[in-house]
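K.L.:
Starting off with a structure, shown below.
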Amino acid sequence: MNDETLLARVSRFIGTLRHCQHLGIRAVSATENELVVELPYSDAIVGNPETGVIHGGAITTLMDTASGTVVICALPEFELCPTLDLRVDYMRAAEPGHPVYARARAYRVTSNIIFTRCETFQEDPEQTIAHCVGTFMRIGPEATPKAYRDLITGGDDE
Amino acid sequence: MSLSGEMRSALQAGDYQALIRAVPYARTLGMECETFGEEVVFRLPRSDDNLGNPILPAIHGGVIGGFLEMSAMISLMMSQETPRLPRIVDFSLDYLRAGLDRDTFCECHLTRQGNRVANVIVTAWQQSRRKPIATARAHFIMD
């Protein structure tokens, strides 16, 4: 699959996640095994009204989305993979007023489990805001209705 | 870290609901809380805007994470004698069952409160407390 097709797929997938639309989360780039997703700054995700710093929960949502979506890049065929667990380390507060980016990789794919890593950053990719490792369970493509699979793949699996 | 006046007065009054309302992200999720004597149960009413998987449909995993993290933070703030804003250090989240499109509840236990670091365990459920949908463990540092 070329990167353009991948980006179209992951964008369609994120487009079906209502809460991601609510927060304005969108895919920025996708390659095989690597995905970058953006969370724009907004008043809705502020955790400390005094400083305007984003709440950790919104960062968790960004990283869960990036990690759960990078499995689309890592698998030959589209399948929904529920999250088993996430472990998030918060290194520093995000700078208010600026978007946050999450870069996720699927570093090991087995027949049952996908292992992911993800880090979030702002202007400088070296200045990590938070880091996350996750595991996702494979339940097989058949567990997802064909109409939904076709919607995500745009029918380009056929 | 500084607290807004609204948060400070909610803390002094011991008013969980007012403290939640003072945090924009908590309002975005729509979370609430109820107290039963000394027991506190946080509630996340069902909402279309909180959905992820459209097939089941299910609540976005990140929303469940945010709800649990926010609840842990609020209950920790309420347990402090002096008003301080906890800063989250790390957060481990196990998803046990799909969070379906209905109300979700959670309760927090302060497992250990040291001088600077606190450890909080959170359990979330929907239909029955005996069938948790997620558990979380968080460390906070108190400034």
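Letters A, B, ... mark the chains of the structure tokens in the order given; residue numbers begin at 1 per chain; ligand numbers begin at 1, in order shown.
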Please list as an MDAnalysis selection string every residue within 8 Å of Asp48 (chain B), counting only C-alpha atoms and excluding residues in the same chain fewer than 3 positions away.

P.N.:
(chainID A and resid 18:19) or (chainID B and resid 51)

K.L.:
Find the residues in chain A near chain B: any atom within 6 Å counts, using only C-alpha atoms. Write them as a list of chain:residue names.

P.N.:
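Only these qualify: A:Leu17, A:Arg18, A:His19, A:Ala44, A:Ile45, A:Val46, A:Gly47, A:Glu50, A:Gly57, A:Thr60, A:Thr61, A:Asp64, A:Leu84, A:Asp85, A:Leu86, A:Arg87, A:Val88, A:Asp89, A:Tyr90.
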
K.L.:
Take the residues just selected and output them with N, CA and C atoms as a PDB file, in the first residue's frame.

P.N.:
ATOM      1  N   LEU A  17     -14.543   8.216  14.235  1.00  0.00           N
ATOM      2  CA  LEU A  17     -14.483   8.244  15.699  1.00  0.00           C
ATOM      3  C   LEU A  17     -15.020   9.596  16.174  1.00  0.00           C
ATOM      4  N   ARG A  18     -16.221   9.566  16.694  1.00  0.00           N
ATOM      5  CA  ARG A  18     -16.938  10.792  17.009  1.00  0.00           C
ATOM      6  C   ARG A  18     -16.157  11.721  17.955  1.00  0.00           C
ATOM      7  N   HIS A  19     -15.547  11.124  18.994  1.00  0.00           N
ATOM      8  CA  HIS A  19     -14.849  11.972  19.960  1.00  0.00           C
ATOM      9  C   HIS A  19     -13.631  12.661  19.325  1.00  0.00           C
ATOM     10  N   ALA A  44     -11.476  23.582  25.063  1.00  0.00           N
ATOM     11  CA  ALA A  44     -12.203  22.394  25.521  1.00  0.00           C
ATOM     12  C   ALA A  44     -11.315  21.367  26.208  1.00  0.00           C
ATOM     13  N   ILE A  45      -9.998  21.405  25.948  1.00  0.00           N
ATOM     14  CA  ILE A  45      -9.118  20.362  26.506  1.00  0.00           C
ATOM     15  C   ILE A  45      -8.214  20.895  27.616  1.00  0.00           C
ATOM     16  N   VAL A  46      -8.512  22.090  28.096  1.00  0.00           N
ATOM     17  CA  VAL A  46      -7.682  22.690  29.156  1.00  0.00           C
ATOM     18  C   VAL A  46      -7.937  21.993  30.499  1.00  0.00           C
ATOM     19  N   GLY A  47      -6.840  21.647  31.185  1.00  0.00           N
ATOM     20  CA  GLY A  47      -6.945  21.004  32.493  1.00  0.00           C
ATOM     21  C   GLY A  47      -6.752  21.990  33.626  1.00  0.00           C
ATOM     22  N   GLU A  50      -6.043  28.221  35.009  1.00  0.00           N
ATOM     23  CA  GLU A  50      -5.148  29.330  35.371  1.00  0.00           C
ATOM     24  C   GLU A  50      -3.990  29.471  34.372  1.00  0.00           C
ATOM     25  N   GLY A  57      -5.690  13.849  30.136  1.00  0.00           N
ATOM     26  CA  GLY A  57      -6.690  12.974  29.510  1.00  0.00           C
ATOM     27  C   GLY A  57      -6.783  13.184  28.010  1.00  0.00           C
ATOM     28  N   THR A  60      -3.870  11.527  26.540  1.00  0.00           N
ATOM     29  CA  THR A  60      -4.141  10.082  26.532  1.00  0.00           C
ATOM     30  C   THR A  60      -5.021   9.719  25.331  1.00  0.00           C
ATOM     31  N   THR A  61      -6.044  10.523  25.087  1.00  0.00           N
ATOM     32  CA  THR A  61      -6.944  10.281  23.947  1.00  0.00           C
ATOM     33  C   THR A  61      -6.183  10.360  22.625  1.00  0.00           C
ATOM     34  N   ASP A  64      -3.991   7.186  22.477  1.00  0.00           N
ATOM     35  CA  ASP A  64      -4.812   5.984  22.245  1.00  0.00           C
ATOM     36  C   ASP A  64      -5.243   5.951  20.778  1.00  0.00           C
ATOM     37  N   LEU A  84      -5.980  -3.349  24.788  1.00  0.00           N
ATOM     38  CA  LEU A  84      -5.886  -4.142  26.026  1.00  0.00           C
ATOM     39  C   LEU A  84      -5.396  -3.269  27.161  1.00  0.00           C
ATOM     40  N   ASP A  85      -4.275  -2.584  26.932  1.00  0.00           N
ATOM     41  CA  ASP A  85      -3.811  -1.658  27.966  1.00  0.00           C
ATOM     42  C   ASP A  85      -2.924  -0.556  27.385  1.00  0.00           C
ATOM     43  N   LEU A  86      -2.818   0.497  28.160  1.00  0.00           N
ATOM     44  CA  LEU A  86      -1.970   1.647  27.818  1.00  0.00           C
ATOM     45  C   LEU A  86      -1.182   2.009  29.063  1.00  0.00           C
ATOM     46  N   ARG A  87       0.089   2.360  28.865  1.00  0.00           N
ATOM     47  CA  ARG A  87       0.877   2.871  29.983  1.00  0.00           C
ATOM     48  C   ARG A  87       1.463   4.201  29.505  1.00  0.00           C
ATOM     49  N   VAL A  88       1.098   5.280  30.175  1.00  0.00           N
ATOM     50  CA  VAL A  88       1.475   6.616  29.730  1.00  0.00           C
ATOM     51  C   VAL A  88       2.415   7.268  30.741  1.00  0.00           C
ATOM     52  N   ASP A  89       3.546   7.802  30.288  1.00  0.00           N
ATOM     53  CA  ASP A  89       4.453   8.591  31.130  1.00  0.00           C
ATOM     54  C   ASP A  89       4.391  10.041  30.668  1.00  0.00           C
ATOM     55  N   TYR A  90       4.129  10.934  31.605  1.00  0.00           N
ATOM     56  CA  TYR A  90       4.043  12.362  31.276  1.00  0.00           C
ATOM     57  C   TYR A  90       5.360  13.038  31.624  1.00  0.00           C
TER      58      TYR A  90
END

K.L.:
Using only C-alpha atoms, which protein or nucleic acid residues come within 10 Å of Val120 (chain B)? Drop anything in the same chain fewer than 2 positions from it, and give the result as an MDAnalysis selection string.

P.N.:
chainID B and resid 69 71:73 75:76 91 108:113 118 122 136:140

K.L.:
Quick one: residues within 9 Å of Glu119 (chain A), only C-alpha atoms counted, chain neighbours fewer than 6 positions away excluded, as a count of residues only?

P.N.:
12

K.L.:
Where in chain A does DSSP assign helix (DSSP H, G or I), given as a PyMOL selection string?

P.N.:
chain A and resi 3-15+18-23+43-45+56-74+141-143+146-153

K.L.:
Identify, with DSSP run on backbone atoms, the residues in chain A assigned to strand (DSSP E or B), and express the list as a ChimeraX atom specification.

P.N.:
/A:26-31,34-39,46-48,53-54,83-90,100-109,113-121,130-137

K.L.:
Write out as a ChimeraX atom specification each polymer residue whose atoms come within 10 Å of Gln127 (chain B), counting only C-alpha atoms; drop sequence neighbours fewer than 4 positions from it.

P.N.:
/B:100,102-105,131-133

K.L.:
Kindly save the residues from that selection, with C-alpha atoms included, as a PDB file, in the first residue's frame.

P.N.:
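Contents of the output file selection_26.pdb:
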ATOM      1  CA  LEU B 100     -20.700   0.686  25.790  1.00  0.00           C
ATOM      2  CA  ARG B 102     -24.274   4.196  28.390  1.00  0.00           C
ATOM      3  CA  ASP B 103     -23.419   5.897  31.697  1.00  0.00           C
ATOM      4  CA  THR B 104     -20.051   4.998  33.211  1.00  0.00           C
ATOM      5  CA  PHE B 105     -19.101   5.235  36.880  1.00  0.00           C
ATOM      6  CA  LYS B 131     -18.103  -6.199  36.141  1.00  0.00           C
ATOM      7  CA  PRO B 132     -15.470  -3.461  35.827  1.00  0.00           C
ATOM      8  CA  ILE B 133     -14.841  -2.120  32.317  1.00  0.00           C
TER       9      ILE B 133
END
